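S.K.: First, the structure itself, so that you have it in front of you.
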Amino acid sequence: MEEAVAGAVALLRTATDRDWRATRAGRLDWDCRYTAEHVASDLIAYAGQLAGRATEAYVPFEITLDEGTGNEDVLQVIETTGALLAAAVRTTPREVRAFHPYPFRGADREGFAAMGITEVLLHTHDIAEGLGLTYEPPAERCADLLARLFPHVRPDADPWRTLLWATGRGDLPGRAPVTEWRWRNNLVVPAERLTLQGLTPAAATDLVAGGDGGFAWIDGGPYQGTRDAAGMLVKAYETGVHRPVWGVFLLVRREDGRAVGGIGFHGVPDEQGRVEIGYDLAEAARGNGYATEGLRALTEWALGREAVTSVRATTEPENTASQAVIARAGFVRITGDGAEDGDGGEGGGQFVYELRR
């Protein structure tokens, strides 16, 4: 956040002697001065959401600049509001989510930070384009923003151009123009003792590389199965077929904010409306009913979608612990064609379970 603001302000300070009110900001319908004020307004609003722990709506306040405020003064306000958002991000626990309308009525500190940075980069581009300045932020920062807020967008060799295209500010060869877009913060599914937190491509990439994905883990976590699932998510993202709500979720304990395992879908629902779920737990978390709780919560969420008619889970015949989890979640064992069978039938040597709507 601080780096983005510093880079933007340094560039725009070279043109504070220009008439920003008389200059249109790039492709926007706004002038450059209004666009700069909008940046400050967004940054303070995001800081207020996190600091106030707002959960139902935006905190009802707005920023108003004093009469006679010049262009240089506006840049100082952007520096100040950027610092306030950075401070709010630093002091907000990872598990806290505050209200944001798109798309699931909530975002965590990383989401608000990413949205704030994106606002700064995009609107600096708009103002710079209007004023005839050259602006291009670091490619690695743009790639990170895409992987956090635009998980549905296939990445490209030029992350900055991709970000501009994804927000209706440019063209990419072979891709249709974007005329409307929204933020894509991750989905969080609540359970009794857990929250199921959707894994972004950015977090999945870190897990694949041996990191923690930005989560605090129980001892021994994450389990290898979670890293493998993260790897499949990354591949889907890189090929443009990742659909975030049908991806991977981490099971996070409410009591201490620690991740205990992973759960997720093997893909989008098929033509018959069937979707399959897989899961794992760190060894230290087993025996506490977390897998059953997570499976119930995600299954209930899936069956609440119009596209889903049934949820399936598959396990090896010798994995009695997993079979017990699936049974406690209400699934029944079936054959591959959906008919009940006592010996696993067409499961290819595996037991297939199903829960219908």
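Ordering of the structure tokens sets the chain letters (A, B, ...); residue numbers start at 1 within each chain; ligands are numbered from 1 in the order shown.
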Among region 96-261 of chain A, which ones does DSSP assign to strand (DSSP E or B) (computed from the backbone)? Answer as number ranges by chain.
M.R.: A: 98, 107, 188-190, 194-198, 216-217, 248-253, 258-261
S.K.: Mind checking which residues fall within 12 Å of Asn185 (chain A), counting only C-alpha atoms, ignoring those fewer than 3 positions away in the same chain, and posting them as a compact mmCIF listing (two decimals) with N, CA, C and O atoms, in the first residue's frame?
M.R.:
```txt
# COMPACT_ATOMS: atom_id res chain seq x y z
N ARG A 97 -13.27 -10.22 8.97
CA ARG A 97 -13.83 -9.81 7.68
C ARG A 97 -14.78 -8.65 7.92
O ARG A 97 -15.56 -8.66 8.87
N ALA A 98 -14.69 -7.65 7.06
CA ALA A 98 -15.56 -6.49 7.16
C ALA A 98 -16.40 -6.39 5.88
O ALA A 98 -16.07 -6.98 4.86
N PHE A 99 -17.46 -5.61 5.96
CA PHE A 99 -18.39 -5.54 4.85
C PHE A 99 -17.76 -4.96 3.59
O PHE A 99 -17.10 -3.93 3.61
N HIS A 100 -17.98 -5.65 2.49
CA HIS A 100 -17.77 -5.12 1.16
C HIS A 100 -18.76 -5.84 0.26
O HIS A 100 -18.90 -7.06 0.35
N PRO A 101 -19.45 -5.13 -0.62
CA PRO A 101 -20.58 -5.75 -1.33
C PRO A 101 -20.21 -6.83 -2.34
O PRO A 101 -21.04 -7.70 -2.63
N TYR A 102 -18.98 -6.81 -2.89
CA TYR A 102 -18.69 -7.71 -4.01
C TYR A 102 -17.65 -8.76 -3.66
O TYR A 102 -16.58 -8.42 -3.16
N PRO A 103 -17.93 -10.03 -4.01
CA PRO A 103 -19.26 -10.50 -4.42
C PRO A 103 -20.01 -11.19 -3.29
O PRO A 103 -21.16 -11.58 -3.46
N PHE A 104 -19.36 -11.35 -2.12
CA PHE A 104 -19.97 -12.14 -1.04
C PHE A 104 -20.15 -11.36 0.25
O PHE A 104 -20.19 -11.92 1.32
N ARG A 105 -20.22 -10.02 0.13
CA ARG A 105 -20.51 -9.14 1.25
C ARG A 105 -19.46 -9.19 2.35
O ARG A 105 -19.77 -9.04 3.53
N GLY A 106 -18.22 -9.38 1.97
CA GLY A 106 -17.16 -9.36 2.97
C GLY A 106 -15.78 -9.47 2.35
O GLY A 106 -15.62 -10.01 1.25
N ALA A 107 -14.77 -8.93 3.05
CA ALA A 107 -13.38 -9.05 2.62
C ALA A 107 -12.50 -9.03 3.87
O ALA A 107 -12.85 -8.41 4.88
N ASP A 108 -11.35 -9.71 3.79
CA ASP A 108 -10.41 -9.68 4.90
C ASP A 108 -9.39 -8.57 4.66
O ASP A 108 -9.49 -7.79 3.72
N ARG A 109 -8.40 -8.50 5.54
CA ARG A 109 -7.43 -7.40 5.44
C ARG A 109 -6.66 -7.44 4.12
O ARG A 109 -6.36 -6.41 3.53
N GLU A 110 -6.35 -8.64 3.62
CA GLU A 110 -5.64 -8.75 2.35
C GLU A 110 -6.52 -8.26 1.21
O GLU A 110 -6.04 -7.63 0.27
N GLY A 111 -7.82 -8.56 1.29
CA GLY A 111 -8.73 -8.11 0.26
C GLY A 111 -8.81 -6.59 0.21
O GLY A 111 -8.76 -5.99 -0.86
N PHE A 112 -8.95 -5.96 1.38
CA PHE A 112 -9.04 -4.50 1.41
C PHE A 112 -7.72 -3.87 0.97
O PHE A 112 -7.71 -2.85 0.28
N ALA A 113 -6.60 -4.46 1.37
CA ALA A 113 -5.31 -3.94 0.93
C ALA A 113 -5.18 -4.04 -0.58
O ALA A 113 -4.77 -3.09 -1.25
N ALA A 114 -5.56 -5.20 -1.14
CA ALA A 114 -5.46 -5.39 -2.58
C ALA A 114 -6.37 -4.44 -3.34
O ALA A 114 -5.99 -3.87 -4.38
N MET A 115 -7.61 -4.24 -2.83
CA MET A 115 -8.51 -3.30 -3.49
C MET A 115 -7.96 -1.88 -3.42
O MET A 115 -8.04 -1.12 -4.40
N LEU A 145 -2.01 -8.76 -7.62
CA LEU A 145 -3.38 -8.24 -7.54
C LEU A 145 -4.34 -9.08 -8.38
O LEU A 145 -5.46 -9.37 -7.95
N LEU A 146 -3.91 -9.46 -9.56
CA LEU A 146 -4.74 -10.31 -10.40
C LEU A 146 -5.04 -11.63 -9.71
O LEU A 146 -6.16 -12.14 -9.75
N ALA A 147 -4.03 -12.21 -9.06
CA ALA A 147 -4.19 -13.51 -8.41
C ALA A 147 -5.02 -13.43 -7.13
O ALA A 147 -5.47 -14.47 -6.62
N ARG A 148 -5.25 -12.23 -6.61
CA ARG A 148 -6.06 -12.07 -5.40
C ARG A 148 -7.49 -11.61 -5.71
O ARG A 148 -8.44 -12.09 -5.07
N LEU A 149 -7.63 -10.70 -6.65
CA LEU A 149 -8.93 -10.07 -6.89
C LEU A 149 -9.57 -10.45 -8.22
O LEU A 149 -10.76 -10.17 -8.42
N PHE A 150 -8.81 -11.07 -9.11
CA PHE A 150 -9.34 -11.45 -10.42
C PHE A 150 -9.00 -12.92 -10.71
O PHE A 150 -8.37 -13.23 -11.73
N PRO A 151 -9.41 -13.82 -9.82
CA PRO A 151 -9.03 -15.23 -9.96
C PRO A 151 -9.63 -15.91 -11.18
O PRO A 151 -9.17 -16.96 -11.60
N HIS A 152 -10.67 -15.29 -11.75
CA HIS A 152 -11.33 -15.84 -12.93
C HIS A 152 -10.65 -15.44 -14.23
O HIS A 152 -11.02 -15.91 -15.31
N ARG A 182 -16.37 -6.35 -11.57
CA ARG A 182 -16.52 -6.20 -10.13
C ARG A 182 -15.33 -6.84 -9.43
O ARG A 182 -14.65 -7.70 -9.97
N VAL A 188 -16.24 -17.13 1.81
CA VAL A 188 -16.05 -17.76 3.13
C VAL A 188 -17.37 -18.41 3.53
O VAL A 188 -18.41 -17.76 3.55
N GLN A 197 -12.49 -20.97 4.23
CA GLN A 197 -12.03 -19.76 3.56
C GLN A 197 -11.47 -20.09 2.19
O GLN A 197 -10.51 -20.85 2.05
N GLY A 198 -12.11 -19.53 1.15
CA GLY A 198 -11.70 -19.79 -0.22
C GLY A 198 -10.25 -19.40 -0.47
O GLY A 198 -9.80 -18.32 -0.07
N LEU A 199 -9.53 -20.28 -1.14
CA LEU A 199 -8.11 -20.08 -1.42
C LEU A 199 -7.96 -19.31 -2.73
O LEU A 199 -8.49 -19.72 -3.77
N THR A 200 -7.25 -18.20 -2.69
CA THR A 200 -6.99 -17.44 -3.91
C THR A 200 -5.81 -18.06 -4.65
O THR A 200 -4.98 -18.76 -4.05
N PRO A 201 -5.67 -17.79 -5.95
CA PRO A 201 -4.49 -18.28 -6.66
C PRO A 201 -3.18 -17.78 -6.05
O PRO A 201 -2.17 -18.49 -6.08
N PRO A 244 -13.53 -19.80 -8.94
CA PRO A 244 -13.22 -19.68 -7.50
C PRO A 244 -14.16 -20.38 -6.55
O PRO A 244 -13.72 -21.03 -5.60
N VAL A 245 -15.48 -20.28 -6.77
CA VAL A 245 -16.40 -20.89 -5.80
C VAL A 245 -16.39 -22.41 -5.86
O VAL A 245 -16.90 -23.07 -4.95
```
S.K.: Work out how far apart CA of Asp270 (chain A) and CA of Ala307 (chain A) are and give it in Å to one decimal.
M.R.: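 Separation of CA of Asp270 (chain A) and CA of Ala307 (chain A): 8.8 Å.
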S.K.: Please identify which residues in region 177-328 of chain A DSSP calls helix (DSSP H, G or I) from the backbone, and express them as a PyMOL selection string.
M.R.: chain A and resi 201-208+224-238+244-246+283-285+290-303+320-328
S.K.: List as number ranges by chain the protein and nucleic acid residues near region 33-47 of chain A, meaning an atom at most 9 Å away when only C-alpha atoms are counted, but skip any in the same chain fewer than 2 places from it.
M.R.: A: 19-25, 28, 30-31, 49-52, 58-59, 61-65, 71, 74-75, 77-89, 100, 112-113, 115-117, 119-120, 123-124, 126-127
S.K.: Kindly indicate which residue among A:Asp228, A:Glu3, A:Asp219, A:Glu180 lies nearest to Ala285 (chain A), using only C-alpha atoms for the distances.
M.R.: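 Closest residue, counting only C-alpha atoms: A:Asp219.
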S.K.: I'd like the contact shell of region 158-164 of chain A - 6 Å cut-off, only C-alpha atoms, skipping same-chain residues fewer than 6 positions apart - returned as a list in words.
M.R.: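 In the requested form, the answer reads Ala139, Cys142, Ala143 and Gly170 of chain A.
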S.K.: Go ahead and dump the residues you just picked, all heavy atoms, as a JSON list (two decimals), in the first residue's frame.
M.R.:
```
[["chain", "number", "residue", "atom", "x", "y", "z"],
["A", 139, "ALA", "N", 5.51, -5.11, -12.46],
["A", 139, "ALA", "CA", 4.75, -6.24, -13.00],
["A", 139, "ALA", "C", 4.38, -7.24, -11.91],
["A", 139, "ALA", "O", 3.27, -7.79, -11.91],
["A", 139, "ALA", "CB", 5.57, -6.93, -14.09],
["A", 142, "CYS", "N", 1.30, -6.17, -10.02],
["A", 142, "CYS", "CA", 0.08, -6.36, -10.81],
["A", 142, "CYS", "C", -0.31, -7.83, -10.87],
["A", 142, "CYS", "O", -1.50, -8.17, -10.77],
["A", 142, "CYS", "CB", 0.28, -5.82, -12.22],
["A", 142, "CYS", "SG", 0.65, -4.06, -12.28],
["A", 143, "ALA", "N", 0.67, -8.71, -11.01],
["A", 143, "ALA", "CA", 0.39, -10.15, -11.04],
["A", 143, "ALA", "C", -0.22, -10.60, -9.73],
["A", 143, "ALA", "O", -1.15, -11.43, -9.70],
["A", 143, "ALA", "CB", 1.68, -10.93, -11.32],
["A", 170, "GLY", "N", -8.26, -1.27, -21.44],
["A", 170, "GLY", "CA", -7.35, -1.60, -22.53],
["A", 170, "GLY", "C", -7.79, -2.86, -23.24],
["A", 170, "GLY", "O", -8.81, -3.47, -22.90]]
```
